[in-house]
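Asks: My file is input.pdb. It has PDB, C-alpha atoms:
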ATOM      1  CA  MET A   1     -28.577 128.258  -3.774
ATOM      2  CA  ARG A   2     -30.850 131.081  -2.615
ATOM      3  CA  ILE A   3     -29.427 134.613  -2.478
ATOM      4  CA  ALA A   4     -31.447 137.445  -0.920
ATOM      5  CA  VAL A   5     -31.124 140.707  -2.863
ATOM      6  CA  ILE A   6     -32.095 143.887  -0.994
ATOM      7  CA  PRO A   7     -31.452 147.050  -3.054
ATOM      8  CA  GLY A   8     -32.610 149.361  -0.248
ATOM      9  CA  ASP A   9     -32.560 153.129  -0.718
ATOM     10  CA  GLY A  10     -30.888 155.846  -2.758
ATOM     11  CA  ILE A  11     -28.054 154.642  -4.961
ATOM     12  CA  GLY A  12     -28.482 151.170  -3.490
ATOM     13  CA  LYS A  13     -30.934 150.336  -6.257
ATOM     14  CA  GLU A  14     -28.585 151.558  -8.976
ATOM     15  CA  VAL A  15     -25.427 149.814  -7.789
ATOM     16  CA  VAL A  16     -27.291 146.571  -7.077
ATOM     17  CA  GLU A  17     -28.600 146.639 -10.655
ATOM     18  CA  ALA A  18     -24.995 146.997 -11.825
ATOM     19  CA  ALA A  19     -23.774 144.099  -9.686
ATOM     20  CA  MET A  20     -26.656 141.918 -10.821
ATOM     21  CA  LEU A  21     -25.723 142.563 -14.462
ATOM     22  CA  ILE A  22     -22.400 140.908 -13.693
ATOM     23  CA  LEU A  23     -23.742 138.065 -11.551
ATOM     24  CA  GLU A  24     -26.514 137.101 -13.949
ATOM     25  CA  ASN A  25     -23.997 136.688 -16.754
ATOM     26  CA  LEU A  26     -21.702 134.313 -14.839
ATOM     27  CA  ASN A  27     -23.853 131.188 -15.141
ATOM     28  CA  LEU A  28     -24.059 130.683 -11.384
ATOM     29  CA  PRO A  29     -26.385 128.200  -9.632
ATOM     30  CA  PHE A  30     -28.148 130.983  -7.720
ATOM     31  CA  GLN A  31     -31.813 131.672  -7.148
ATOM     32  CA  TYR A  32     -32.237 135.379  -6.431
ATOM     33  CA  VAL A  33     -34.943 136.411  -3.979
ATOM     34  CA  TRP A  34     -35.699 140.142  -4.236
ATOM     35  CA  LEU A  35     -36.744 141.739  -0.956
ATOM     36  CA  GLU A  36     -37.594 145.163   0.437
ATOM     37  CA  ALA A  37     -36.054 147.041   3.359
ATOM     38  CA  GLY A  38     -35.137 150.630   4.167
ATOM     39  CA  ASP A  39     -36.756 154.055   4.207
ATOM     40  CA  GLU A  40     -39.255 153.259   1.452
ATOM     41  CA  ALA A  41     -40.196 149.975   3.084
ATOM     42  CA  GLU A  42     -40.894 151.824   6.336
ATOM     43  CA  LYS A  43     -43.272 154.198   4.553
ATOM     44  CA  LYS A  44     -44.938 151.307   2.751
ATOM     45  CA  TYR A  45     -45.174 148.716   5.542
ATOM     46  CA  GLY A  46     -44.621 150.697   8.726
ATOM     47  CA  LYS A  47     -41.353 148.802   9.350
ATOM     48  CA  ALA A  48     -37.964 149.408   7.791
ATOM     49  CA  LEU A  49     -37.210 145.681   7.994
ATOM     50  CA  PRO A  50     -40.531 143.950   7.291
ATOM     51  CA  ASP A  51     -41.148 140.619   9.016
ATOM     52  CA  GLU A  52     -41.537 138.911   5.646
ATOM     53  CA  THR A  53     -38.110 140.166   4.529
ATOM     54  CA  LEU A  54     -36.461 138.870   7.675
ATOM     55  CA  GLU A  55     -38.183 135.496   7.347
ATOM     56  CA  GLU A  56     -37.099 135.124   3.713
ATOM     57  CA  VAL A  57     -33.533 136.211   4.462
ATOM     58  CA  LYS A  58     -33.193 133.366   6.956
ATOM     59  CA  LYS A  59     -34.032 130.904   4.165
ATOM     60  CA  CYS A  60     -31.132 132.195   2.043
ATOM     61  CA  LYS A  61     -27.430 131.391   2.055
ATOM     62  CA  ALA A  62     -26.312 134.999   1.690
ATOM     63  CA  VAL A  63     -27.653 138.551   1.457
ATOM     64  CA  LEU A  64     -26.581 141.073  -1.182
ATOM     65  CA  PHE A  65     -27.497 144.478   0.223
ATOM     66  CA  GLY A  66     -27.354 147.881  -1.474
ATOM     67  CA  ALA A  67     -27.757 150.756   0.968
ATOM     68  CA  ALA A  68     -30.100 152.069   3.630
ATOM     69  CA  GLY A  69     -30.869 155.681   4.380
ATOM     70  CA  GLU A  70     -32.166 157.091   7.662
ATOM     71  CA  THR A  71     -33.328 153.635   8.726
ATOM     72  CA  ALA A  72     -29.877 152.033   8.490
ATOM     73  CA  ALA A  73     -29.794 151.159  12.201
ATOM     74  CA  ASP A  74     -33.172 149.434  11.866
ATOM     75  CA  VAL A  75     -32.149 147.530   8.756
ATOM     76  CA  ILE A  76     -28.519 146.597   8.311
ATOM     77  CA  VAL A  77     -27.585 146.731  12.002
ATOM     78  CA  LYS A  78     -30.610 144.619  12.885
ATOM     79  CA  LEU A  79     -29.838 142.170  10.062
ATOM     80  CA  ARG A  80     -26.297 141.740  11.374
ATOM     81  CA  GLN A  81     -27.680 141.025  14.832
ATOM     82  CA  GLU A  82     -30.450 138.690  13.703
ATOM     83  CA  LEU A  83     -28.107 136.682  11.473
ATOM     84  CA  GLU A  84     -25.236 136.805  13.972
ATOM     85  CA  THR A  85     -22.724 138.001  11.402
ATOM     86  CA  TYR A  86     -20.039 138.839  13.926
ATOM     87  CA  ALA A  87     -17.149 139.642  11.566
ATOM     88  CA  ASN A  88     -17.185 142.720   9.363
ATOM     89  CA  VAL A  89     -14.471 142.383   6.700
ATOM     90  CA  ARG A  90     -13.452 145.524   4.812
ATOM     91  CA  PRO A  91     -10.572 145.369   2.306
ATOM     92  CA  ALA A  92      -8.759 148.573   1.311
ATOM     93  CA  LYS A  93      -6.782 148.210  -1.886
ATOM     94  CA  SER A  94      -5.351 150.771  -4.283
ATOM     95  CA  PHE A  95      -5.917 150.364  -8.028
ATOM     96  CA  ARG A  96      -3.936 151.429 -11.082
ATOM     97  CA  GLY A  97      -5.671 154.285 -12.829
ATOM     98  CA  VAL A  98      -7.307 155.622  -9.683
ATOM     99  CA  LYS A  99      -5.941 158.810  -8.168
ATOM    100  CA  SER A 100      -5.236 158.163  -4.506
ATOM    101  CA  ILE A 101      -3.090 159.368  -1.622
ATOM    102  CA  HIS A 102      -0.999 156.193  -1.661
ATOM    103  CA  SER A 103      -0.360 153.383  -4.137
ATOM    104  CA  ASN A 104       0.362 149.679  -3.641
ATOM    105  CA  VAL A 105      -1.851 149.533  -0.540
ATOM    106  CA  ASP A 106      -3.487 146.192   0.227
ATOM    107  CA  MET A 107      -4.896 145.750   3.728
ATOM    108  CA  VAL A 108      -7.945 144.102   5.264
ATOM    109  CA  ILE A 109      -9.778 145.451   8.283
ATOM    110  CA  VAL A 110     -11.596 142.886  10.419
ATOM    111  CA  ARG A 111     -14.090 144.591  12.690
ATOM    112  CA  GLU A 112     -15.986 142.986  15.553
ATOM    113  CA  ASN A 113     -19.623 143.430  14.626
ATOM    114  CA  THR A 114     -21.816 142.637  17.642
ATOM    115  CA  GLU A 115     -20.878 144.707  20.676
ATOM    116  CA  CYS A 116     -18.844 147.741  21.870
ATOM    117  CA  LEU A 117     -20.623 151.124  21.967
ATOM    118  CA  TYR A 118     -22.753 150.047  19.000
ATOM    119  CA  LYS A 119     -24.876 147.989  21.353
ATOM    120  CA  GLY A 120     -26.718 151.286  21.713
ATOM    121  CA  ILE A 121     -27.025 151.142  25.496
ATOM    122  CA  GLU A 122     -27.390 154.824  26.336
ATOM    123  CA  PHE A 123     -28.972 156.937  29.044
ATOM    124  CA  GLU A 124     -29.585 160.630  29.610
ATOM    125  CA  VAL A 125     -30.449 162.077  32.999
ATOM    126  CA  ASP A 126     -30.408 165.737  34.029
ATOM    127  CA  GLY A 127     -28.305 166.874  31.092
ATOM    128  CA  VAL A 128     -25.777 164.059  31.372
ATOM    129  CA  ALA A 129     -25.643 161.395  28.655
ATOM    130  CA  GLU A 130     -23.999 158.033  29.238
ATOM    131  CA  ALA A 131     -23.114 155.141  26.929
ATOM    132  CA  VAL A 132     -22.155 151.620  27.984
ATOM    133  CA  ARG A 133     -19.291 149.910  26.138
ATOM    134  CA  ILE A 134     -19.543 146.120  26.077
ATOM    135  CA  ILE A 135     -16.414 144.082  25.298
ATOM    136  CA  SER A 136     -16.558 140.380  26.063
ATOM    137  CA  ARG A 137     -13.884 137.704  26.068
ATOM    138  CA  LYS A 138     -16.059 135.475  23.881
ATOM    139  CA  ALA A 139     -16.610 138.037  21.131
ATOM    140  CA  SER A 140     -13.001 139.244  21.281
ATOM    141  CA  GLU A 141     -11.593 135.746  20.952
ATOM    142  CA  ARG A 142     -13.958 134.934  18.104
ATOM    143  CA  ILE A 143     -13.048 138.004  16.046
ATOM    144  CA  VAL A 144      -9.313 137.729  16.705
ATOM    145  CA  ARG A 145      -9.290 134.082  15.649
ATOM    146  CA  PHE A 146     -11.294 135.039  12.530
ATOM    147  CA  ALA A 147      -8.612 137.624  11.655
ATOM    148  CA  PHE A 148      -5.760 135.156  12.063
ATOM    149  CA  GLU A 149      -7.594 132.513  10.040
ATOM    150  CA  LEU A 150      -8.191 135.074   7.279
ATOM    151  CA  ALA A 151      -4.496 135.959   7.285
ATOM    152  CA  LYS A 152      -3.551 132.285   7.142
ATOM    153  CA  ARG A 153      -6.000 131.569   4.318
ATOM    154  CA  GLU A 154      -4.893 134.538   2.211
ATOM    155  CA  GLY A 155      -1.174 134.131   2.875
ATOM    156  CA  ARG A 156      -0.885 137.384   4.778
ATOM    157  CA  LYS A 157       2.015 137.864   7.156
ATOM    158  CA  ARG A 158       0.853 140.136   9.975
ATOM    159  CA  VAL A 159      -2.210 140.791  12.132
ATOM    160  CA  THR A 160      -2.345 144.085  14.005
ATOM    161  CA  ALA A 161      -4.730 144.825  16.883
ATOM    162  CA  LEU A 162      -5.970 148.394  17.363
ATOM    163  CA  HIS A 163      -7.138 149.506  20.810
ATOM    164  CA  LYS A 164      -6.836 152.220  23.476
ATOM    165  CA  ALA A 165      -5.835 150.057  26.433
ATOM    166  CA  ASN A 166      -3.828 152.839  28.059
ATOM    167  CA  VAL A 167      -7.082 154.717  28.741
ATOM    168  CA  MET A 168      -9.876 152.133  28.561
ATOM    169  CA  ARG A 169      -7.974 149.657  30.674
ATOM    170  CA  LYS A 170     -10.815 147.222  31.282
ATOM    171  CA  THR A 171     -12.524 147.032  27.864
ATOM    172  CA  CYS A 172      -9.577 147.589  25.529
ATOM    173  CA  GLY A 173      -7.348 145.889  28.062
ATOM    174  CA  LEU A 174      -9.396 142.707  27.748
ATOM    175  CA  PHE A 175      -9.360 142.902  23.953
ATOM    176  CA  LYS A 176      -5.577 143.324  23.869
ATOM    177  CA  ARG A 177      -4.978 140.424  26.275
ATOM    178  CA  VAL A 178      -7.199 138.098  24.288
ATOM    179  CA  PHE A 179      -5.471 139.153  21.064
ATOM    180  CA  TYR A 180      -2.070 138.020  22.275
ATOM    181  CA  GLU A 181      -3.477 134.837  23.812
ATOM    182  CA  VAL A 182      -4.927 133.801  20.451
ATOM    183  CA  ALA A 183      -1.831 134.990  18.562
ATOM    184  CA  LYS A 184       0.224 132.295  20.290
ATOM    185  CA  GLU A 185      -1.722 129.700  18.276
ATOM    186  CA  TYR A 186      -0.493 131.253  15.005
ATOM    187  CA  GLY A 187       3.272 131.369  15.404
ATOM    188  CA  GLU A 188       3.845 131.704  11.656
ATOM    189  CA  ILE A 189       1.963 135.032  11.571
ATOM    190  CA  GLU A 190       3.436 138.176  13.125
ATOM    191  CA  ALA A 191       1.248 139.824  15.782
ATOM    192  CA  ASN A 192       1.550 143.435  16.936
ATOM    193  CA  ASP A 193      -0.667 146.241  18.207
ATOM    194  CA  TYR A 194      -1.087 150.028  18.132
ATOM    195  CA  TYR A 195      -3.129 152.559  20.031
ATOM    196  CA  ILE A 196      -6.017 153.597  17.804
ATOM    197  CA  ASP A 197      -4.922 157.249  17.549
ATOM    198  CA  ALA A 198      -1.374 156.353  16.474
ATOM    199  CA  ALA A 199      -2.775 153.773  14.066
ATOM    200  CA  CYS A 200      -4.862 156.423  12.308
ATOM    201  CA  MET A 201      -1.714 158.483  11.720
ATOM    202  CA  TYR A 202       0.138 155.447  10.381
ATOM    203  CA  ILE A 203      -2.756 154.471   8.096
ATOM    204  CA  ALA A 204      -2.660 157.985   6.639
ATOM    205  CA  MET A 205       1.137 158.246   6.351
ATOM    206  CA  ASP A 206       2.516 154.702   6.169
ATOM    207  CA  PRO A 207      -0.286 152.241   5.311
ATOM    208  CA  TRP A 208       2.169 149.580   4.100
ATOM    209  CA  ARG A 209       2.928 148.591   7.692
ATOM    210  CA  PHE A 210      -0.558 147.055   7.885
ATOM    211  CA  ASP A 211      -1.692 143.748   6.432
ATOM    212  CA  VAL A 212      -4.659 142.541   8.495
ATOM    213  CA  ILE A 213      -6.110 144.850  11.140
ATOM    214  CA  VAL A 214      -8.422 143.515  13.836
ATOM    215  CA  THR A 215     -10.287 145.823  16.183
ATOM    216  CA  THR A 216     -13.476 146.547  18.074
ATOM    217  CA  ASN A 217     -16.734 147.692  16.538
ATOM    218  CA  MET A 218     -16.591 151.496  16.554
ATOM    219  CA  PHE A 219     -12.838 151.718  15.972
ATOM    220  CA  GLY A 220     -13.248 149.370  13.005
ATOM    221  CA  ASP A 221     -16.016 151.486  11.544
ATOM    222  CA  ILE A 222     -13.831 154.585  11.716
ATOM    223  CA  VAL A 223     -10.517 153.177  10.452
ATOM    224  CA  SER A 224     -12.158 151.349   7.532
ATOM    225  CA  ASP A 225     -13.466 154.670   6.184
ATOM    226  CA  LEU A 226     -10.037 156.203   6.741
ATOM    227  CA  ALA A 227      -8.423 153.342   4.836
ATOM    228  CA  ALA A 228     -10.948 153.738   2.021
ATOM    229  CA  GLY A 229     -10.043 157.415   1.818
ATOM    230  CA  ILE A 230      -6.363 156.765   1.173
ATOM    231  CA  VAL A 231      -7.056 154.393  -1.733
ATOM    232  CA  GLY A 232      -9.602 156.506  -3.594
ATOM    233  CA  GLY A 233     -12.814 156.736  -1.611
ATOM    234  CA  LEU A 234     -15.883 154.809  -0.545
ATOM    235  CA  GLY A 235     -16.827 154.127  -4.151
ATOM    236  CA  LEU A 236     -14.083 151.474  -4.119
ATOM    237  CA  ALA A 237     -14.814 149.985  -0.687
ATOM    238  CA  PRO A 238     -16.574 146.600  -0.479
ATOM    239  CA  SER A 239     -17.421 144.733   2.700
ATOM    240  CA  ALA A 240     -18.765 141.477   4.064
ATOM    241  CA  ASN A 241     -20.488 140.560   7.319
ATOM    242  CA  ILE A 242     -19.670 136.940   8.107
ATOM    243  CA  GLY A 243     -21.197 134.616  10.675
ATOM    244  CA  ASP A 244     -21.166 130.888  11.273
ATOM    245  CA  GLU A 245     -24.375 130.336   9.285
ATOM    246  CA  TYR A 246     -25.205 133.484   7.342
ATOM    247  CA  ALA A 247     -23.343 136.240   5.505
ATOM    248  CA  ILE A 248     -24.351 139.723   4.401
ATOM    249  CA  PHE A 249     -22.494 141.555   1.634
ATOM    250  CA  GLU A 250     -22.788 145.339   1.338
ATOM    251  CA  PRO A 251     -20.638 148.197   0.046
ATOM    252  CA  VAL A 252     -19.283 150.490   2.744
ATOM    253  CA  HIS A 253     -20.912 153.573   1.206
ATOM    254  CA  GLY A 254     -24.391 154.702   2.153
ATOM    255  CA  ALA A 255     -27.474 155.707   0.194
ATOM    256  CA  ALA A 256     -25.940 158.970  -1.168
ATOM    257  CA  PHE A 257     -29.306 160.625  -1.760
ATOM    258  CA  ASP A 258     -27.575 163.658  -3.290
ATOM    259  CA  ILE A 259     -26.727 161.691  -6.428
ATOM    260  CA  ALA A 260     -29.480 159.057  -6.316
ATOM    261  CA  GLY A 261     -31.467 158.798  -9.531
ATOM    262  CA  LYS A 262     -28.805 160.505 -11.634
ATOM    263  CA  GLY A 263     -27.255 157.254 -12.802
ATOM    264  CA  ILE A 264     -23.723 158.357 -11.915
ATOM    265  CA  ALA A 265     -23.053 156.312  -8.769
ATOM    266  CA  ASN A 266     -19.809 154.352  -8.847
ATOM    267  CA  PRO A 267     -20.710 150.624  -8.984
ATOM    268  CA  THR A 268     -17.182 149.404  -8.170
ATOM    269  CA  ALA A 269     -17.716 148.866  -4.438
ATOM    270  CA  MET A 270     -20.936 146.946  -5.050
ATOM    271  CA  ILE A 271     -19.395 144.781  -7.763
ATOM    272  CA  LEU A 272     -16.364 144.028  -5.582
ATOM    273  CA  THR A 273     -18.784 143.232  -2.759
ATOM    274  CA  ALA A 274     -20.466 140.726  -5.060
ATOM    275  CA  SER A 275     -17.057 139.169  -5.766
ATOM    276  CA  MET A 276     -16.504 138.817  -2.005
ATOM    277  CA  MET A 277     -19.808 136.948  -1.879
ATOM    278  CA  LEU A 278     -18.689 134.651  -4.695
ATOM    279  CA  ARG A 279     -15.449 133.837  -2.916
ATOM    280  CA  HIS A 280     -17.257 133.184   0.381
ATOM    281  CA  LEU A 281     -19.647 130.796  -1.363
ATOM    282  CA  GLY A 282     -16.803 128.861  -2.964
ATOM    283  CA  PHE A 283     -16.788 130.387  -6.452
ATOM    284  CA  GLU A 284     -13.131 131.427  -6.348
ATOM    285  CA  GLU A 285     -12.481 131.481 -10.090
ATOM    286  CA  GLU A 286     -15.561 133.584 -10.814
ATOM    287  CA  ALA A 287     -14.544 136.013  -8.049
ATOM    288  CA  LYS A 288     -11.060 136.367  -9.554
ATOM    289  CA  LYS A 289     -12.518 137.001 -13.016
ATOM    290  CA  VAL A 290     -14.707 139.809 -11.686
ATOM    291  CA  GLU A 291     -11.845 141.381  -9.753
ATOM    292  CA  ARG A 292      -9.487 141.241 -12.756
ATOM    293  CA  ALA A 293     -12.151 142.860 -14.908
ATOM    294  CA  VAL A 294     -12.672 145.660 -12.395
ATOM    295  CA  GLU A 295      -8.922 146.268 -12.216
ATOM    296  CA  LYS A 296      -8.672 146.397 -16.024
ATOM    297  CA  VAL A 297     -11.533 148.884 -16.406
ATOM    298  CA  LEU A 298     -10.212 151.129 -13.627
ATOM    299  CA  ALA A 299      -6.705 151.070 -15.130
ATOM    300  CA  GLU A 300      -8.158 152.156 -18.477
ATOM    301  CA  GLY A 301      -9.955 155.093 -16.843
ATOM    302  CA  LYS A 302     -13.412 153.878 -17.837
ATOM    303  CA  THR A 303     -15.048 155.218 -14.698
ATOM    304  CA  THR A 304     -17.858 157.280 -13.246
ATOM    305  CA  PRO A 305     -17.449 161.028 -12.526
ATOM    306  CA  ASP A 306     -16.260 160.552  -8.925
ATOM    307  CA  LEU A 307     -13.066 158.967 -10.302
ATOM    308  CA  GLY A 308     -12.653 161.471 -13.122
ATOM    309  CA  GLY A 309     -14.486 159.538 -15.824
ATOM    310  CA  ASN A 310     -17.699 160.278 -17.672
ATOM    311  CA  LEU A 311     -19.513 156.933 -17.662
ATOM    312  CA  LYS A 312     -22.924 156.282 -16.164
ATOM    313  CA  THR A 313     -23.334 153.583 -13.531
ATOM    314  CA  MET A 314     -24.605 150.935 -15.913
ATOM    315  CA  GLU A 315     -22.136 151.925 -18.642
ATOM    316  CA  MET A 316     -19.268 151.205 -16.268
ATOM    317  CA  ALA A 317     -20.892 147.912 -15.286
ATOM    318  CA  GLU A 318     -21.144 146.990 -18.953
ATOM    319  CA  GLU A 319     -17.444 147.757 -19.431
ATOM    320  CA  ILE A 320     -16.613 145.468 -16.514
ATOM    321  CA  LEU A 321     -18.826 142.740 -17.946
ATOM    322  CA  LYS A 322     -17.071 143.011 -21.327
ATOM    323  CA  ALA A 323     -13.684 142.738 -19.579
ATOM    324  CA  ILE A 324     -14.529 139.437 -17.887
ATOM    325  CA  GLU A 325     -12.538 136.659 -19.538
TER     326      GLU A 325
END
Rewrite the coordinates I just gave you, this time as structure tokens.

Replies:
Amino acid sequence: MRIAVIPGDGIGKEVVEAAMLILENLNLPFQYVWLEAGDEAEKKYGKALPDETLEEVKKCKAVLFGAAGETAADVIVKLRQELETYANVRPAKSFRGVKSIHSNVDMVIVRENTECLYKGIEFEVDGVAEAVRIISRKASERIVRFAFELAKREGRKRVTALHKANVMRKTCGLFKRVFYEVAKEYGEIEANDYYIDAACMYIAMDPWRFDVIVTTNMFGDIVSDLAAGIVGGLGLAPSANIGDEYAIFEPVHGAAFDIAGKGIANPTAMILTASMMLRHLGFEEEAKKVERAVEKVLAEGKTTPDLGGNLKTMEMAEEILKAIE
């Protein structure tokens, strides 16, 4: 099974190295194909996402991606579009041993990944800028059904739609209508909705009311960072981009150039991202082993400086590797 590995820029290289330490010691039937993309690739090849990289990616079952810097829109956004990975899945879970605003939080945010304002359709004329928001029935139905199927598969009890249908009556109105149409097919799972502004307050103050959240592209981008903040930060936030044929796995954090090269980046998000890839590819037991090891190491306080520890990136990865049973 071919897996594309794209370290990218900044701390991407460091956290990918940490995740690969784990993966390469799990005796998996993977063939890793190392590829280039990002700021450095643009300087080297004149394109942030070289044609050769894109061609090779399409020959692989999944992509393990580190981080992109200034060229993120030309790399990861384009990869999502080219591979039609329409569902962005971002878990937010609190861990023992990690200082956070709330404990016992365990929610999953399912974000539509192909349209909304992130289509980038913008105009500026005579000092007035305009952006076009695209929300389609097809994409809405697809992402809502994905969220309910995820809830069903993981034994979760509730799916909550976030929108602003009281103001954006056409776009959010369509999304909300489709949500409840699809919800009727999943009678065993509770369905409810909140306006996006109220939802942000509830995520900050009462996150336990959420189980699976489904929402549009930009709202999903925002609330997933908010959710990461209440459980300890982006260093703990993994994500997956899932399509019908391809999947891309990347931590939510960016390139973090301010700490790049210092060897202190938190590898947790990247390692948990790798475990999401394992689960998606059918390696459930291996994914559970990695996740249990991460939980054990975090509970013991064997962490990088951002979580109050004193370990280097690879030292923490080695601790996680040792904890795998």

Asks: Given the file shown, determine the residues that the PyMOL selection byres ((chain A and resi 21-34) around 9) selects; report them as a ChimeraX atom specification.

Replies: /A:1-7,16-20,35-36,56-57,60,271,274-275,283,286,290,314,317-318,320-321

Asks: What does the distance from atom CA of A:Ala240 to atom CA of A:Val63 come to in Å, to one decimal?

Replies: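 Separation between atom CA of A:Ala240 and atom CA of A:Val63: 9.7 Å.
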
Asks: Smallest atom-to-atom distance to A:Ala269: which of A:Ala67, A:Tyr246, A:Asn113, A:Phe210, using only C-alpha atoms?

Replies: A:Ala67

Asks: Once the PyMOL selection byres ((chain A and resi 185-191) around 7) is applied to the coordinates I shared, what remains selected? I want it as a ChimeraX atom specification.

Replies: /A:157-160,182-184,192

Asks: Once the PyMOL selection byres ((chain A and resi 156) around 10) is applied to the coordinates I shared, what remains selected? I want it as a list in words.

Replies: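 Evaluating the PyMOL selection byres ((chain A and resi 156) around 10) on these coordinates yields Met107, Val108, Phe148, Glu149, Leu150, Ala151, Lys152, Arg153, Glu154, Gly155, Lys157, Arg158, Val159, Ile189, Glu190, Asp211 and Val212 of chain A.
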
Asks: Record the distance separating atom CA of A:Lys312 and atom CA of A:Gly12, expressed in Å with one decimal.

Replies: 14.8 Å

Asks: Which polymer residues have any atom within 10 Å of an atom of A:Ala41, counting all atoms listed in the file, with same-chain residues fewer than 4 positions away left out, as a ChimeraX atom specification?

Replies: /A:8-9,35-37,45-50,71

Asks: Here is a test: counting all atoms listed in the file, which residue of A:Leu117, A:Gly308, A:Ala199, A:Cys172 is nearest to A:Ser224?

Replies: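 Of A:Leu117, A:Gly308, A:Ala199, A:Cys172, the one nearest A:Ser224 is A:Ala199, counting all atoms listed in the file.
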
Asks: Using all atoms listed in the file, can you tell me which of A:Phe175, A:Phe65, A:Phe249, A:Tyr202 comes closest to A:Cys116?

Replies: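 Looking at the shortest contact to A:Cys116, the residue is A:Phe175.
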
Asks: For atom CA of A:Tyr195 and atom CA of A:His163, quote the distance in Å rounded to one decimal.

Replies: 5.1 Å

Asks: I need the residue nearest A:Phe146 from this list: A:Ile109, A:Ile121, A:Ile203, A:Leu278. Use only C-alpha atoms for the distance.

Replies: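 When distances to A:Phe146 are compared using only C-alpha atoms, the smallest one comes from A:Ile109.
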
Asks: From the list A:Leu281, A:Ala255, A:Ile196, A:Thr268, which residue is nearest A:Gly233 when using all atoms listed in the file?

Replies: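 Counting all atoms listed in the file, the residue closest to A:Gly233 is A:Thr268.
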
Asks: For A:Tyr118, which residue out of A:Ala299, A:Ala73, A:Ile101, A:Ile242 is the nearest one, using only C-alpha atoms?

Replies: A:Ala73
